[in-house]
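> final.csv is reproduced below (CSV, C-alpha atoms (C1' of nucleotides)).
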chain,number,residue,atom,x,y,z
A,3,MET,CA,96.5,-26.8,-114.2
A,4,PRO,CA,99.5,-24.5,-113.4
A,5,ASP,CA,98.2,-21.1,-114.2
A,6,ASN,CA,94.7,-21.4,-115.5
A,7,LEU,CA,93.7,-19.7,-112.3
A,8,ALA,CA,95.5,-16.6,-113.5
A,9,LYS,CA,93.0,-13.8,-114.0
A,10,LYS,CA,92.2,-12.6,-117.4
A,11,PRO,CA,90.0,-9.6,-117.7
A,12,PRO,CA,87.1,-10.5,-119.9
A,13,SER,CA,86.3,-8.2,-122.9
A,14,LEU,CA,82.9,-7.0,-123.7
A,15,ALA,CA,83.0,-9.1,-126.9
A,16,GLU,CA,83.7,-12.2,-124.9
A,17,VAL,CA,80.9,-11.6,-122.5
A,18,LEU,CA,78.5,-11.1,-125.4
A,19,ARG,CA,79.7,-14.2,-127.0
A,20,ASP,CA,79.1,-16.2,-123.8
A,21,SER,CA,75.7,-14.6,-123.1
A,22,ARG,CA,72.9,-16.9,-123.7
A,23,TRP,CA,70.7,-14.3,-125.4
A,24,THR,CA,73.2,-13.8,-128.3
A,25,CYS,CA,73.2,-17.4,-129.4
A,26,ASP,CA,70.8,-17.1,-132.4
A,27,LEU,CA,72.3,-13.8,-133.7
A,28,SER,CA,74.3,-13.7,-136.9
A,29,ASP,CA,77.7,-12.1,-136.8
A,30,ALA,CA,76.4,-9.0,-138.4
A,31,GLU,CA,73.6,-8.8,-135.8
A,32,LEU,CA,76.0,-9.4,-133.0
A,33,ALA,CA,78.2,-6.6,-134.3
A,34,ARG,CA,75.1,-4.3,-134.5
A,35,VAL,CA,74.3,-5.1,-130.9
A,36,GLU,CA,77.9,-4.6,-129.7
A,37,ALA,CA,77.8,-1.2,-131.4
A,38,GLY,CA,74.8,-0.3,-129.3
A,39,ILE,CA,76.7,-1.0,-126.1
A,40,PHE,CA,79.3,1.1,-124.3
A,41,GLU,CA,81.4,0.1,-121.3
A,42,ARG,CA,82.1,2.0,-118.1
A,43,THR,CA,84.2,1.3,-115.1
A,44,ILE,CA,82.5,2.0,-111.8
A,45,ALA,CA,84.7,2.5,-108.7
A,46,ALA,CA,83.9,0.5,-105.5
A,47,GLY,CA,81.0,2.0,-103.7
A,48,HIS,CA,79.8,4.0,-106.6
A,49,PHE,CA,76.5,3.6,-108.5
A,50,ALA,CA,76.1,1.8,-111.8
A,51,CYS,CA,72.7,3.3,-112.0
A,52,ARG,CA,70.4,5.1,-109.6
A,53,LYS,CA,66.8,5.1,-108.5
A,54,GLY,CA,64.7,7.9,-110.0
A,55,GLU,CA,66.7,8.5,-113.1
A,56,PRO,CA,65.2,7.9,-116.5
A,57,VAL,CA,65.9,4.4,-117.8
A,58,GLU,CA,68.1,4.5,-120.9
A,59,HIS,CA,70.1,1.3,-120.6
A,60,TRP,CA,70.0,-2.4,-119.9
A,61,LEU,CA,73.0,-3.2,-117.7
A,62,GLY,CA,75.5,-6.1,-117.8
A,63,VAL,CA,78.3,-7.0,-115.4
A,64,ILE,CA,81.5,-7.6,-117.4
A,65,ASP,CA,83.7,-7.8,-114.4
A,66,GLY,CA,83.3,-7.1,-110.7
A,67,LEU,CA,80.3,-7.5,-108.5
A,68,VAL,CA,77.1,-5.4,-108.2
A,69,LYS,CA,74.5,-5.2,-105.5
A,70,VAL,CA,70.9,-4.2,-106.6
A,71,SER,CA,69.1,-2.6,-103.7
A,72,SER,CA,66.2,-0.4,-102.8
A,73,ASP,CA,66.7,2.5,-100.4
A,74,LEU,CA,63.7,3.1,-98.2
A,75,ASP,CA,62.6,6.5,-97.1
A,76,SER,CA,63.3,5.3,-93.6
A,77,GLY,CA,67.0,5.3,-94.5
A,78,LYS,CA,67.2,1.5,-94.4
A,79,THR,CA,68.5,-0.3,-97.6
A,80,ALA,CA,67.1,-3.6,-98.7
A,81,THR,CA,69.3,-5.8,-100.9
A,82,LEU,CA,67.3,-7.4,-103.7
A,83,THR,CA,70.0,-9.4,-105.4
A,84,GLY,CA,73.7,-9.6,-106.2
A,85,VAL,CA,74.9,-9.7,-109.8
A,86,PRO,CA,78.1,-11.5,-110.7
A,87,PRO,CA,80.1,-11.2,-113.9
A,88,GLY,CA,78.0,-12.4,-116.9
A,89,GLY,CA,74.8,-11.2,-115.3
A,90,TRP,CA,72.4,-8.7,-116.9
A,91,PHE,CA,69.8,-6.7,-115.1
A,92,GLY,CA,67.3,-3.8,-115.4
A,93,GLU,CA,65.2,-5.4,-118.1
A,94,GLY,CA,62.1,-4.8,-116.0
A,95,SER,CA,62.7,-1.1,-116.0
A,96,MET,CA,63.4,-1.1,-119.7
A,97,LEU,CA,59.9,-2.6,-120.4
A,98,LYS,CA,58.2,0.3,-118.7
A,99,THR,CA,58.4,4.0,-119.0
A,100,ASP,CA,58.7,4.8,-115.3
A,101,PRO,CA,61.9,6.1,-113.8
A,102,ARG,CA,64.2,3.5,-112.4
A,103,LYS,CA,63.1,2.1,-109.1
A,104,TYR,CA,66.3,0.6,-107.7
A,105,ASP,CA,70.0,1.4,-107.2
A,106,ALA,CA,72.9,-0.7,-108.4
A,107,VAL,CA,76.1,-0.3,-106.4
A,108,ALA,CA,79.4,-1.7,-107.3
A,109,LEU,CA,80.7,-3.7,-104.3
A,110,ARG,CA,84.2,-3.4,-105.8
A,111,GLU,CA,85.5,-1.8,-108.9
A,112,SER,CA,83.4,-3.2,-111.8
A,113,ARG,CA,83.1,-2.9,-115.5
A,114,ILE,CA,79.6,-2.4,-116.6
A,115,ALA,CA,78.1,-2.7,-120.1
A,116,TYR,CA,75.3,-0.3,-120.9
A,117,MET,CA,73.0,-1.3,-123.8
A,118,ARG,CA,71.1,1.6,-125.3
A,119,ARG,CA,67.3,1.5,-125.3
A,120,GLU,CA,67.0,1.4,-129.1
A,121,THR,CA,69.3,-1.7,-129.3
A,122,PHE,CA,67.3,-3.4,-126.6
A,123,GLN,CA,64.1,-2.6,-128.5
A,124,TRP,CA,65.6,-3.9,-131.7
A,125,LEU,CA,66.5,-7.2,-130.0
A,126,ILE,CA,62.9,-7.5,-128.8
A,127,ASP,CA,61.6,-6.9,-132.3
A,128,HIS,CA,64.1,-9.2,-134.1
A,129,SER,CA,65.4,-11.9,-131.9
A,130,ILE,CA,63.3,-14.8,-130.6
A,131,GLY,CA,66.2,-16.0,-128.6
A,132,PHE,CA,66.4,-12.6,-126.8
A,133,ASN,CA,62.7,-12.8,-126.0
A,134,ARG,CA,63.1,-16.3,-124.7
A,135,PHE,CA,66.0,-15.2,-122.5
A,136,LEU,CA,64.0,-12.3,-121.1
A,137,LEU,CA,61.1,-14.6,-120.2
A,138,LEU,CA,63.4,-17.1,-118.6
A,139,GLN,CA,65.2,-14.4,-116.7
A,140,LEU,CA,62.1,-12.7,-115.4
A,141,ASN,CA,60.6,-15.9,-114.3
A,142,GLU,CA,63.8,-17.1,-112.6
A,143,ARG,CA,64.0,-13.8,-110.7
A,144,LEU,CA,60.4,-14.0,-109.7
A,145,GLY,CA,61.2,-17.4,-108.1
A,146,GLN,CA,64.3,-15.9,-106.5
A,147,PHE,CA,62.4,-13.1,-104.9
A,148,ILE,CA,59.7,-15.4,-103.6
A,149,GLY,CA,62.3,-17.5,-102.0
A,150,LEU,CA,63.8,-14.3,-100.6
A,151,LEU,CA,60.6,-13.6,-98.7
A,152,GLU,CA,60.8,-16.7,-96.6
A,153,SER,CA,64.6,-16.3,-96.2
A,154,GLU,CA,64.1,-12.9,-94.7
A,155,ARG,CA,61.9,-14.0,-91.9
A,156,LEU,CA,61.8,-17.8,-91.4
A,157,LEU,CA,65.3,-19.0,-91.9
A,158,ASP,CA,68.4,-18.9,-89.7
A,159,ILE,CA,71.5,-17.1,-90.8
A,160,ASP,CA,73.4,-20.1,-92.1
A,161,THR,CA,70.5,-21.0,-94.4
A,162,ARG,CA,70.1,-17.4,-95.6
A,163,VAL,CA,73.7,-17.2,-96.5
A,164,ALA,CA,73.3,-20.5,-98.4
A,165,ARG,CA,70.4,-19.2,-100.3
A,166,CYS,CA,72.2,-16.0,-101.1
A,167,LEU,CA,75.1,-17.9,-102.5
A,168,ALA,CA,72.9,-20.3,-104.4
A,169,SER,CA,71.2,-17.3,-106.1
A,170,LEU,CA,74.6,-16.0,-107.1
A,171,PHE,CA,75.4,-19.3,-108.8
A,172,ASN,CA,72.1,-19.5,-110.5
A,173,PRO,CA,72.9,-21.2,-113.8
A,174,VAL,CA,69.9,-19.8,-115.5
A,175,LEU,CA,70.5,-16.1,-114.6
A,176,TYR,CA,74.3,-16.3,-114.8
A,177,PRO,CA,75.4,-19.0,-117.2
A,178,GLY,CA,79.0,-18.3,-118.0
A,179,LEU,CA,79.8,-18.3,-114.2
A,180,GLY,CA,82.0,-21.2,-113.3
A,181,ARG,CA,82.2,-23.1,-110.0
A,182,ARG,CA,84.3,-20.5,-108.4
A,183,LEU,CA,83.4,-16.9,-107.7
A,184,ALA,CA,85.7,-14.2,-106.5
A,185,ILE,CA,83.9,-12.6,-103.6
A,186,SER,CA,85.2,-11.6,-100.2
A,187,GLN,CA,83.4,-12.4,-97.0
A,188,ALA,CA,82.8,-8.7,-96.5
A,189,GLU,CA,81.1,-8.4,-99.9
A,190,LEU,CA,79.0,-11.5,-99.2
A,191,GLY,CA,78.0,-9.8,-95.9
A,192,TYR,CA,76.7,-6.8,-97.8
A,193,LEU,CA,74.6,-9.0,-100.0
A,194,ALA,CA,73.2,-11.3,-97.3
A,195,GLY,CA,72.7,-8.4,-94.9
A,196,VAL,CA,74.8,-10.0,-92.1
A,197,SER,CA,78.1,-9.1,-90.5
A,198,ARG,CA,81.3,-10.4,-92.0
A,199,GLN,CA,82.0,-12.4,-88.8
A,200,ARG,CA,78.7,-14.1,-89.2
A,201,ILE,CA,79.5,-14.9,-92.8
A,202,ASN,CA,82.7,-16.5,-91.7
A,203,ARG,CA,80.9,-18.8,-89.3
A,204,ALA,CA,78.2,-19.6,-91.9
A,205,LEU,CA,80.8,-20.5,-94.5
A,206,LYS,CA,82.4,-22.9,-92.2
A,207,VAL,CA,79.1,-24.6,-91.6
A,208,LEU,CA,78.4,-24.8,-95.3
A,209,ALA,CA,81.9,-26.1,-96.0
A,210,GLU,CA,81.4,-28.7,-93.3
A,211,ALA,CA,78.2,-29.8,-94.9
A,212,GLY,CA,80.1,-30.3,-98.2
A,213,CYS,CA,78.4,-27.6,-100.1
A,214,LEU,CA,81.4,-25.5,-100.9
A,215,SER,CA,85.0,-24.7,-100.0
A,216,VAL,CA,86.3,-21.4,-98.7
A,217,GLU,CA,89.3,-19.9,-100.4
A,218,TYR,CA,91.2,-16.7,-100.1
A,219,GLY,CA,89.1,-14.0,-101.8
A,220,GLY,CA,86.5,-16.4,-103.1
A,221,ILE,CA,84.5,-19.5,-102.7
A,222,SER,CA,84.1,-22.7,-104.8
A,223,ILE,CA,80.8,-24.5,-105.0
A,224,HIS,CA,80.9,-28.2,-104.7
A,225,ASP,CA,77.3,-29.1,-104.6
A,226,LEU,CA,74.8,-26.5,-105.7
A,227,ASP,CA,71.7,-28.6,-105.1
A,228,ARG,CA,72.8,-29.3,-101.5
A,229,LEU,CA,73.5,-25.6,-101.1
A,230,ARG,CA,70.0,-24.7,-102.3
A,231,ARG,CA,68.3,-27.3,-100.0
A,232,PHE,CA,70.5,-26.5,-97.0
A,233,GLY,CA,68.4,-26.0,-93.8
A,234,GLY,CA,65.2,-26.6,-95.5
B,23,DT,C1',114.0,-15.8,-109.5
B,24,DC,C1',113.9,-14.3,-104.9
B,25,DA,C1',113.3,-11.2,-100.7
B,26,DT,C1',110.8,-7.4,-99.0
B,27,DT,C1',106.9,-4.7,-98.3
B,28,DA,C1',102.2,-3.0,-98.5
B,29,DA,C1',97.5,-4.1,-99.0
B,30,DA,C1',93.7,-7.1,-98.8
B,31,DT,C1',91.3,-10.8,-96.6
B,32,DT,C1',90.5,-14.1,-93.1
B,33,DG,C1',90.0,-16.1,-88.5
B,34,DT,C1',89.0,-15.1,-83.8
B,35,DT,C1',87.7,-12.6,-79.6
C,21,DA,C1',84.8,-3.2,-83.3
C,22,DA,C1',89.4,-4.6,-82.8
C,23,DC,C1',93.3,-7.5,-83.4
C,24,DA,C1',96.6,-10.9,-85.2
C,25,DA,C1',97.6,-14.2,-88.8
C,26,DT,C1',97.5,-15.3,-93.6
C,27,DT,C1',97.6,-14.6,-98.6
C,28,DT,C1',98.3,-11.9,-102.6
C,29,DA,C1',100.4,-8.3,-105.5
C,30,DA,C1',103.9,-5.2,-106.4
C,31,DT,C1',108.6,-3.8,-106.2
C,32,DG,C1',113.3,-4.0,-106.9
C,33,DA,C1',117.8,-6.4,-106.5
Give the structure from the file, written as structure tokens.

Amino acid sequence: MPDNLAKKPPSLAEVLRDSRWTCDLSDAELARVEAGIFERTIAAGHFACRKGEPVEHWLGVIDGLVKVSSDLDSGKTATLTGVPPGGWFGEGSMLKTDPRKYDAVALRESRIAYMRRETFQWLIDHSIGFNRFLLLQLNERLGQFIGLLESERLLDIDTRVARCLASLFNPVLYPGLGRRLAISQAELGYLAGVSRQRINRALKVLAEAGCLSVEYGGISIHDLDRLRRFGG
DNA sequence: TCATTAAATTGTT
DNA sequence: AACAATTTAATGA
């Protein structure tokens, strides 16, 4: 275990291979899909996609970290979810013809995959595995948002941070993700909607509870179930 | 390979 | 919000 912690920037092809929705595609089909995707690097603080624009792509996080949020007219911004590497989002918008309803901001420099609408549609028409993935993902997110409702009002900060982290490590939404995630406490603060200092305190509590361990520039999950159930 | 430095992140007030 | 301590990455001898 000397340097398997060394970072290796994943390629688009690797991310596709590891994505659950590509499992029943032939090599030729996978190649077709890959040809319908382009990659773009988004600088920290910049938008991977914006509310109000026509929806032309389904988005995937190859590397980095993205925050999906909704900016209210009041000027306040509500974080809906964070998307770690290996995660795909925006399928809800692809299934409608309305303009996009949410923003996606790169919390740090991130590489984003953009799948064209015609490729997305082709997958729906030809791949049962892709449809199964979409159903699973939509259902999982629905549960996540329902949980977020109680989190917002009923739970203390430590528990909210726990739920936020648990959602990032959701094995259904983000399979390829391992036990460790590179995320700073500041980034986690943006996702959970609390100050970095409060995140620091919450992480100590969660580490004390045996849910995770805090590392420089990231955290490692020890007990995902315990993290999910924390405080409630 | 090692020492130095800058930048990022963390821990605390 | 500010500050000090710690860790990492980059640089060059």
> Would you mind listing, as a PyMOL selection string, all residues of chain A that have at least one atom within 12 Å of chain C, where only C-alpha atoms (C1' of nucleotides) are what counts?
chain A and resi 197-199+217-219
> Calculate how many Å separate atom CA of Ser72 of chain A from atom CA of Asp105 of chain A, rounding to one decimal.
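Interatomic distance, atom CA of Ser72 of chain A to atom CA of Asp105 of chain A: 6.1 Å.
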> Env of Thr83 of chain A: 12 Å cut, atoms = all atoms listed in the file, seq-sep filter 4 positions within chain, self excluded. Answer as a PyMOL selection string.
chain A and resi 67-72+89-92+104-107+143-144+146-147+149-150+165-172+175+190+192-195
> List every protein, DNA or RNA residue with an atom no more than 10 Å from (83.6, -13.7, -102.1) in the file's coordinates, counting all atoms listed in the file, and format the result as a list in words.
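Residues satisfying the cut-off, written out: Leu67, Leu167, Arg182, Leu183, Ala184, Ile185, Ser186, Gln187, Ala188, Glu189, Leu190, Gly191, Val216, Glu217, Tyr218, Gly219, Gly220, Ile221 and Ser222 of chain A; DT31 of chain B.
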> Would you list which chain B residues are within 10 Å of chain A using all atoms listed in the file, as a PyMOL selection string?
chain B and resi 30-34
> What separation in Å, quoted to one decimal, exists between atom CA of Trp23 of chain A and atom CA of Gly38 of chain A?
15.1 Å
> So what do you get for atom CA of Arg119 of chain A versus atom CA of His59 of chain A, distance-wise?
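Straight-line distance from atom CA of Arg119 of chain A to atom CA of His59 of chain A works out to 5.5 Å.
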> Return as JSON the centre and edge lengths, in Å with one decimal, of the box along x, y and z that encloses every atom of segment 102-120 of chain A in the file, padded by 8 Å per side.

{"center_x": 74.3, "center_y": -0.1, "center_z": -116.7, "size_x": 38.4, "size_y": 23.2, "size_z": 40.8}
> Taking into account all atoms listed in the file, which residue in the set A:Leu97, A:Leu109, A:Leu14, A:Leu138 is nearest to Gly84 of chain A?
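For Gly84 of chain A, the nearest of the given residues is A:Leu109.
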